[in-house]
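Novice: This is the structure I want to talk about, given as structure tokens.
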Amino acid sequence: MAATWKPWEIQHEEEVVIVKFGGSLKREKSFTNKQKTEIEDYESVSAIPFDTPVVGYRNNTVNTLRLWSTSVPDYDQFNIKAFDKGDYHHALKNVLCHDDLTMVSILYPNDSHDSGKRLRLKQQYILVSASMQDIIRTYKKSSLPFEMFHQKVAIQINDTHPSLVITELMRILVDEEDIEWDKAWDITVNTCAYTNHTVLSEALEQWDAAMMKAILPRNFEIVEIINHDFCVSVEKKYCKDMDRVRRLSIVVDGKVKMAHLAIVGSHSINGVAELHTQILKEDVLRDFYEIFPEKFNCKTNGITPRRWLLKPNPELAGLITDKIGNGWITNLSELEKLEKFSNDIDFLKQITEIKRRNKERLKNYVYKQNPVRDGSGKTIGKIELSLDSIFDVQAKRLHEYKRQLLNALHILILYNRLKNNPDQKIIARTFFFAAKSAPGYEMAKAIIKFITILARTINNDPDIKDMIKVVFLENYNVSLAEILLTAADVSEQISTAGLEASGTGNMKLALNGALTIGTMDGANVEMSEEIGEENMFIFGLRSDEVKRLRENGYNPGELCNREETVQRIINQLYSDELTKIPEERAILKRIADSLVHVDKYFILKDLLPYKEAQEKVSELYQDRISWAKKVVLNIARSGKFSSDRTIKQYNDEIWNLEKIPVP
């Protein structure tokens with residue numbers, strides 16, 4: 001049972017709900033598709049709720065997080081290799097139930113093939129349907145009319161993945177609660193709100209219409225009704241501008257656009273940083289903004305100081321409390337009181353000593369958990385790190401736009417510099433990467449391979465004399481993040497400007513005393529406004545410059561030919577200098593081709609400015625007092641980036657839920 005391996009979960013079999021897939025639709029001949037409809041000959045899955053208590057911080061409050069399971073998995077019999085290839089029958093053949101959909105939900109099935117897409121759609125729907133049925137069941141116990149539903153229930157659609165909640169709420173209200181369509185639609189729109197987390201068109205989820213119709217026939221029919229009514233209203237508003245209607249349509253070219261569904265079916269659409277929200281309004285969702293300007297708003301992300309400072313960094317938290325009291329724990333803006341200590345030499349030394357002890361904790365973790373491996377993956381030694389080196393950290397999902405590749409190419413430049421002059425003295429660097437990639441994202445996996453090749457090459461080269469170390473942390477998770485983020489000297493936030501929605505790692509690292517090297521992207525913009533650009537290392541193209549380059553064209557090959565430093569590393573990727581293993585050489589060639597011929601994310605364009613910014617990092621680090629002053633200012637000015645502020649804004653401006661005072 002799930003409760004045996006997560007003892008804090010409480011299983012509630014008495015509250016099981018039934019989720020339906022497939023089947024055919026039945027209704028009275030005189031009825032339209034906007035009226036009560038039944039599903040016949042469907043497959044049913046039982047969804048069992050598991051409750052996890054979420055304890056508040058010293059406020060006598062315990063909330064409940066409800067999760068769902070469809071059966072009991074036998075993890076020892078789960079074939080992950082078959083799963084990743086899309087052979088789900090083989091992967092699950094020894095598991096209790098073939099509809100054990102929630103068992104693998106955390107693994108993100110490889111949706112580059114049809115079977116993966118079907119599984120992912122089923123996963124999303126079972127969580128949406130089970131949750132929506134549970135919400136309705138709970139609400140009905142109040143005996144309140146459904147006209148008040150939106151006053152008691154708020155549903156926040158967190159990215160496009162739960163967008164089917166709009167169709168599911170409509171299905172339950174119309175088909176099971178006998179509520180007239182227009183009334184049900186008003187209830188749905190007033191209840192639902194949508195948070196957008198990406199400007200990448202490929203990440204704005206779309207489903208094959210035929211697939212959705214086969215798996216969720218009634219929900220798909222509801223999508224078509226919603227889309228028809230919306231498109232008719234757009235056509236009337238814009239004098240039969242059919243190009244606009246097509247751009248805004250939820251269903252087009254055999255695809256269901258889930259972001260469009262979320263926008264049309266919600267009363268609020270928000271971005272998660274000021275720049276991100278501006279781009280949504282002016283570019284990605286411009287047509288929708290013109291129709292619904294009142295719906296759009298910004299809720300800049302935040303992090304909880306209890307989870308990301310008080311718990312993982314008790315020494316630093318204790319020092320802060322000794323200086324300014326403990327009010328910062330629940331009101332992060334109180335950190336501004338630390339500014340007066342930014343010239344206190346004793347305080348700066350204490351900050352530096354705490355960072356060093358955190359670095360030692362990470363050093364010991366790496367020694368035990370991350371061995372040196374050869375090309376076959378065999379362990380050939382241990383990694384010894386220097387606490388005097390700059391701990392440079394890039395911890396985030398592996399994606400080309402986040403530009404782990406830019407970081408890796410700069411490491412290769414540093415390596416070449418030392419190989420050319422082994423006696424040259426530089427400020428020692430330890431580069432940490434922590435990332436996971438989607439199983440079907442081949443270029444992301446290629447970049448991981450490049451980083452591990454770099455690590456193998458550099459860490460085993462005696463000429464480097466331990467001036468550079470590269471560590472790719474395995475199995476990155478929140479527990480490891482506590483060790484990594486508190487030990488970081490430098491925070492890598494180097495995404496292509498205009499593509500990162502917000503980021504929260506940037507906030508966690510700054511709060512724990514890491515200095516940011518980054519582009520003006522996502523929440524970096526607001527961080528620079530709060531912390532001061534002079535206390536960060538900002539470089540590279542701005543979002544408007546990126547947009548102009550995309551529009552006017554950009555020739556990365558010409559840049560390669562012009563810049564000797566860039567040409568050198570590209571030649572290395574094409575040659576056998578870094579690896580003689582054929583499979584690895586093919587991967588490096590693929591990366592080189594993508595840079596020279598396309599450079600979609602302007603990595604080569606920003607490489608030399610990034611190198612210059614990194615040189616400023618090394619220069620400042622030699623003056624430990626000046627470095628520590630900036631560390632203190634980063635911490636002291638991080639108050640805005642608390643999730644307490646973010647959640648309050650969501651409630652005050654979107655949910656409008658009544659506040660309940662607690663003792």
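Identifiers in this document derive from the order of the structure tokens: chains are assigned A, B, ..., residues are numbered from 1 separately in each chain, and ligands are numbered from 1 in order of occurrence.
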Just list the residues in range 28-249 of chain A DSSP gives strand (DSSP E) on the backbone, as a ChimeraX atom specification.

Specialist: /A:38-40,43-55,62-69,155-158,192-195,206-208

Novice: Tell me, as a list in words, which residues lie within 10 Å of Ile354 in chain A, counting only C-alpha atoms; anything in the same chain fewer than 5 positions away does not count.

Specialist: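 After dropping sequence-adjacent residues, the list is Asn313, Pro314, Glu315, Leu316, Leu319, Lys349, Lys359, Glu360, Thr486 and Ala487 of chain A.
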
Novice: Deliver the residues from the most recent selection as a file, using C-alpha atoms, as an mmCIF file, in the first residue's frame.

Specialist:
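This went into out.cif:
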```cif
data_model
loop_
_atom_site.group_PDB
_atom_site.id
_atom_site.type_symbol
_atom_site.label_atom_id
_atom_site.label_comp_id
_atom_site.auth_asym_id
_atom_site.auth_seq_id
_atom_site.Cartn_x
_atom_site.Cartn_y
_atom_site.Cartn_z
ATOM 1 C CA ASN A 313 20.880 26.982 6.689
ATOM 2 C CA PRO A 314 20.417 27.068 10.493
ATOM 3 C CA GLU A 315 23.743 28.792 11.191
ATOM 4 C CA LEU A 316 22.980 31.690 8.866
ATOM 5 C CA LEU A 319 23.110 34.730 12.954
ATOM 6 C CA LYS A 349 33.707 37.402 8.750
ATOM 7 C CA LYS A 359 30.877 24.418 1.430
ATOM 8 C CA GLU A 360 32.585 21.768 3.532
ATOM 9 C CA THR A 486 23.486 27.002 0.877
ATOM 10 C CA ALA A 487 27.086 26.320 -0.210
#
```

Novice: From the list A:Arg562, A:Arg542, A:Arg373, A:Lys616, which residue is nearest Ser495 in chain A when using only C-alpha atoms?

Specialist: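 Of A:Arg562, A:Arg542, A:Arg373, A:Lys616, the one nearest Ser495 in chain A, counting only C-alpha atoms, is A:Arg542.
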
Novice: Could you check the closest approach to Ser502 in chain A for each of A:Lys240, A:Lys402, A:Arg637, A:Lys630 and tell me which residue wins, using only C-alpha atoms?

Specialist: A:Lys402

Novice: Would you mind telling me which residue in A:Leu204, A:Ile413, A:Val16, A:Val54 lies nearest to Gln133 in chain A when using only C-alpha atoms?

Specialist: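 Result for the nearest residue to Gln133 in chain A: A:Val16.
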
Novice: Pick from A:Cys298, A:Ala210, A:Ile172, A:Val45: nearest to Asp253 in chain A, with only C-alpha atoms counted?

Specialist: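 That would be A:Ala210, the residue with the smallest distance to Asp253 in chain A.
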
Novice: Using only C-alpha atoms, which of A:Ile39, A:Leu169, A:Leu406, A:Ile411 sits nearest Trp185 in chain A?

Specialist: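 Selected residue with least distance to Trp185 in chain A: A:Leu169.
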
Novice: Give me, as a PyMOL selection string, all polymer residues having an atom no more than 8 Å from range 124-127 of chain A, counting only C-alpha atoms and skipping those fewer than 3 positions away in the same chain.

Specialist: chain A and resi 19+47+68+101+120-121+130-131+161-162+164

Novice: Write the residues of the selection above to a file with N, CA and C atoms, as a short mmCIF file (atom, residue, chain, number, x, y, z; two decimals), in the first residue's frame.

Specialist:
```cif
data_model
loop_
_atom_site.label_atom_id
_atom_site.label_comp_id
_atom_site.auth_asym_id
_atom_site.auth_seq_id
_atom_site.Cartn_x
_atom_site.Cartn_y
_atom_site.Cartn_z
N VAL A 19 -13.26 7.36 -12.24
CA VAL A 19 -12.88 8.18 -13.39
C VAL A 19 -13.14 7.36 -14.64
N ALA A 47 -10.01 5.91 -8.28
CA ALA A 47 -8.98 6.82 -7.76
C ALA A 47 -9.14 6.89 -6.23
N TRP A 68 -3.57 11.33 -5.24
CA TRP A 68 -4.41 10.23 -5.71
C TRP A 68 -3.56 9.07 -6.22
N LEU A 101 -2.29 4.38 -13.49
CA LEU A 101 -1.80 5.58 -14.17
C LEU A 101 -0.97 6.48 -13.28
N ARG A 120 0.13 10.20 -20.89
CA ARG A 120 0.22 11.49 -20.21
C ARG A 120 -1.16 12.16 -20.14
N LEU A 121 -1.95 12.06 -21.22
CA LEU A 121 -3.29 12.63 -21.20
C LEU A 121 -4.15 11.94 -20.14
N ALA A 130 -10.57 13.27 -10.56
CA ALA A 130 -10.69 12.85 -9.17
C ALA A 130 -10.77 14.06 -8.25
N SER A 131 -9.91 15.05 -8.50
CA SER A 131 -9.91 16.25 -7.65
C SER A 131 -11.21 17.02 -7.79
N HIS A 161 -1.15 22.01 -17.74
CA HIS A 161 -1.39 20.58 -17.50
C HIS A 161 -2.75 20.27 -16.86
N PRO A 162 -3.26 21.11 -15.94
CA PRO A 162 -4.60 20.82 -15.39
C PRO A 162 -5.74 21.53 -16.12
N LEU A 164 -7.80 20.73 -18.24
CA LEU A 164 -9.02 19.94 -18.42
C LEU A 164 -9.99 20.12 -17.26
#
```

Novice: Pick out each residue of range 430-536 of chain A that DSSP on the backbone tags as helix (DSSP H, G or I); I need them as an MDAnalysis selection string.

Specialist: chainID A and resid 442:459 462:464 478:487 505:511 524:531 533:535

Novice: List the spatial neighbours of range 520-525 of chain A as a VMD selection string - criterion: any atom at most 7 Å away, only C-alpha atoms, same-chain residues fewer than 5 positions off excluded.

Specialist: chain A and resid 273 275 to 276 495 497 to 498 500 to 503 538 542
